[in-house]
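Comments concern the structure below.
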Amino acid sequence: MMEALKDFDYTNSKLEFIKRLLIEEHFPPHAFQKTSRKLYLVDARAWFAWLVRERFGNSISLSQIGDFLGGYDHSNILHLQKKKSDEIECYRAAKRVAEKLIERSKMYVNVERSLKEKKKHFNEEVSMW
């Protein structure tokens with residue numbers, strides 16, 4: 001476990017967290033691996049891109065999000081985010097889903113804090129050797 005914390009990648013952990021959250025909310029798991037243009041898969045990727053930017057702001061670049069989703073260009077991710085933002089503004093149902101996703105994603109802060117504390121503790125132990 002301590003070895004795993006040594007090289008822990010916080011950016012990918014954030015992206016994985018959002019992916020798992022959306023899968024728990026019944027989004028298709030394969031939407032985050034394939035580049036299919038089927039509407040329901042594109043919509044799932046749009047929710048993902050929007051939620052990552054909404055939760056973590058600019059700490060994760062558009063290119064990093066695109067790479068995580070299978071090699072999309074930053075402009076594709078920007079388009080997905082804008083599309084989803086416009087949809088949330090226009091439709092009550094989308095706004096309710098967005099509010100629910102944001103509320104559920106707030107638990108990540110506690111998980112991240114716990115991981116950072118474990119990594120700090122690990123680094124202190126290593127420095128004592």
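Chain labels follow the order of the structure tokens: the first chain is A, the next B, and so on; residue numbering restarts at 1 in every chain, and ligands are counted from 1 in their shown order.
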Next on the checklist: Report as a VMD selection string all protein, DNA and RNA residues lying within 12 Å of segment 92-102 of chain A, evaluated on only C-alpha atoms, omitting residues in the same chain fewer than 3 positions from it.
Outcome noted: chain A and resid 17 to 27 43 46 to 48 50 to 56 83 to 89 105 to 109
Item to check | In chain A, DSSP alpha helix (DSSP H) residues written as a PyMOL selection string | outcome: chain A and resi 2-6+10-24+39-56+62-68+74-90+92-105+107-128
Would you mind exporting C-alpha atoms of the selected residues as an mmCIF file, in the first residue's frame?
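Final output, part_2.cif:
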data_model
loop_
_atom_site.group_PDB
_atom_site.id
_atom_site.type_symbol
_atom_site.label_atom_id
_atom_site.label_comp_id
_atom_site.auth_asym_id
_atom_site.auth_seq_id
_atom_site.Cartn_x
_atom_site.Cartn_y
_atom_site.Cartn_z
ATOM 1 C CA MET A 2 2.732 2.477 0.889
ATOM 2 C CA GLU A 3 4.490 1.813 -2.417
ATOM 3 C CA ALA A 4 1.276 2.595 -4.283
ATOM 4 C CA LEU A 5 1.006 5.952 -2.534
ATOM 5 C CA LYS A 6 4.550 6.867 -3.515
ATOM 6 C CA TYR A 10 -4.011 12.787 -8.144
ATOM 7 C CA THR A 11 -5.192 13.933 -11.606
ATOM 8 C CA ASN A 12 -6.090 10.410 -12.720
ATOM 9 C CA SER A 13 -7.647 9.677 -9.340
ATOM 10 C CA LYS A 14 -9.970 12.656 -9.798
ATOM 11 C CA LEU A 15 -10.920 11.522 -13.290
ATOM 12 C CA GLU A 16 -11.431 7.924 -12.154
ATOM 13 C CA PHE A 17 -13.584 9.155 -9.284
ATOM 14 C CA ILE A 18 -15.871 11.112 -11.637
ATOM 15 C CA LYS A 19 -16.037 8.131 -14.006
ATOM 16 C CA ARG A 20 -17.055 5.780 -11.162
ATOM 17 C CA LEU A 21 -19.607 8.293 -9.898
ATOM 18 C CA LEU A 22 -21.260 8.497 -13.325
ATOM 19 C CA ILE A 23 -21.253 4.711 -13.693
ATOM 20 C CA GLU A 24 -22.980 4.437 -10.302
ATOM 21 C CA LEU A 39 -25.974 9.875 -28.858
ATOM 22 C CA TYR A 40 -26.225 8.237 -25.426
ATOM 23 C CA LEU A 41 -22.438 7.677 -25.328
ATOM 24 C CA VAL A 42 -21.641 11.213 -26.470
ATOM 25 C CA ASP A 43 -24.025 12.507 -23.806
ATOM 26 C CA ALA A 44 -22.286 10.449 -21.105
ATOM 27 C CA ARG A 45 -18.907 11.880 -22.165
ATOM 28 C CA ALA A 46 -20.412 15.382 -22.116
ATOM 29 C CA TRP A 47 -21.606 14.864 -18.531
ATOM 30 C CA PHE A 48 -18.143 13.619 -17.624
ATOM 31 C CA ALA A 49 -16.369 16.610 -19.205
ATOM 32 C CA TRP A 50 -18.808 19.069 -17.641
ATOM 33 C CA LEU A 51 -18.601 17.522 -14.153
ATOM 34 C CA VAL A 52 -14.794 17.388 -14.139
ATOM 35 C CA ARG A 53 -14.581 21.085 -15.027
ATOM 36 C CA GLU A 54 -17.369 22.006 -12.619
ATOM 37 C CA ARG A 55 -15.790 20.137 -9.693
ATOM 38 C CA PHE A 56 -12.091 20.692 -10.286
ATOM 39 C CA LEU A 62 -8.858 19.939 -21.347
ATOM 40 C CA SER A 63 -6.101 17.816 -22.900
ATOM 41 C CA GLN A 64 -5.895 15.614 -19.796
ATOM 42 C CA ILE A 65 -9.657 15.077 -19.899
ATOM 43 C CA GLY A 66 -9.462 14.290 -23.609
ATOM 44 C CA ASP A 67 -6.633 11.808 -23.090
ATOM 45 C CA PHE A 68 -8.600 10.089 -20.335
ATOM 46 C CA HIS A 74 -9.021 19.847 -26.230
ATOM 47 C CA SER A 75 -11.507 21.532 -28.586
ATOM 48 C CA ASN A 76 -13.764 18.444 -28.511
ATOM 49 C CA ILE A 77 -13.798 18.549 -24.706
ATOM 50 C CA LEU A 78 -14.547 22.273 -24.708
ATOM 51 C CA HIS A 79 -17.462 21.642 -27.072
ATOM 52 C CA LEU A 80 -18.821 18.844 -24.854
ATOM 53 C CA GLN A 81 -18.616 21.081 -21.779
ATOM 54 C CA LYS A 82 -20.355 23.993 -23.500
ATOM 55 C CA LYS A 83 -23.054 21.717 -24.907
ATOM 56 C CA LYS A 84 -23.799 20.300 -21.467
ATOM 57 C CA SER A 85 -23.731 23.735 -19.781
ATOM 58 C CA ASP A 86 -26.259 25.049 -22.303
ATOM 59 C CA GLU A 87 -28.470 21.999 -21.757
ATOM 60 C CA ILE A 88 -28.369 22.475 -17.972
ATOM 61 C CA GLU A 89 -29.403 26.113 -18.349
ATOM 62 C CA CYS A 90 -32.349 25.243 -20.610
ATOM 63 C CA ARG A 92 -35.005 21.503 -15.532
ATOM 64 C CA ALA A 93 -34.382 17.769 -15.684
ATOM 65 C CA ALA A 94 -30.759 18.339 -16.701
ATOM 66 C CA LYS A 95 -30.384 20.893 -13.923
ATOM 67 C CA ARG A 96 -31.668 18.366 -11.349
ATOM 68 C CA VAL A 97 -29.209 15.745 -12.603
ATOM 69 C CA ALA A 98 -26.382 18.309 -12.456
ATOM 70 C CA GLU A 99 -27.229 19.284 -8.877
ATOM 71 C CA LYS A 100 -27.328 15.624 -7.827
ATOM 72 C CA LEU A 101 -23.970 14.888 -9.475
ATOM 73 C CA ILE A 102 -22.305 17.911 -7.891
ATOM 74 C CA GLU A 103 -23.632 16.957 -4.463
ATOM 75 C CA ARG A 104 -22.402 13.369 -4.810
ATOM 76 C CA SER A 105 -19.017 14.517 -6.121
ATOM 77 C CA MET A 107 -17.380 13.458 -1.143
ATOM 78 C CA TYR A 108 -14.199 13.365 -3.244
ATOM 79 C CA VAL A 109 -12.743 16.195 -1.172
ATOM 80 C CA ASN A 110 -12.754 13.944 1.902
ATOM 81 C CA VAL A 111 -11.222 11.036 -0.026
ATOM 82 C CA GLU A 112 -8.506 13.264 -1.502
ATOM 83 C CA ARG A 113 -7.682 14.750 1.899
ATOM 84 C CA SER A 114 -7.329 11.268 3.370
ATOM 85 C CA LEU A 115 -5.000 10.157 0.549
ATOM 86 C CA LYS A 116 -2.824 13.255 0.921
ATOM 87 C CA GLU A 117 -2.506 12.611 4.657
ATOM 88 C CA LYS A 118 -1.477 8.995 3.993
ATOM 89 C CA LYS A 119 1.092 10.121 1.426
ATOM 90 C CA LYS A 120 2.479 12.713 3.858
ATOM 91 C CA HIS A 121 2.723 10.061 6.582
ATOM 92 C CA PHE A 122 4.472 7.715 4.115
ATOM 93 C CA ASN A 123 6.995 10.424 3.157
ATOM 94 C CA GLU A 124 7.728 11.098 6.829
ATOM 95 C CA GLU A 125 8.360 7.386 7.435
ATOM 96 C CA VAL A 126 10.675 7.146 4.407
ATOM 97 C CA SER A 127 12.662 10.208 5.481
ATOM 98 C CA MET A 128 13.266 8.626 8.896
#
Next on the checklist: Residues within 9 Å of Thr35 of chain A, please, as an MDAnalysis selection string. Count only C-alpha atoms; anything in the same chain fewer than 3 positions from it doesn't count.
Outcome noted: chainID A and resid 31:32 38 41:42 69:72
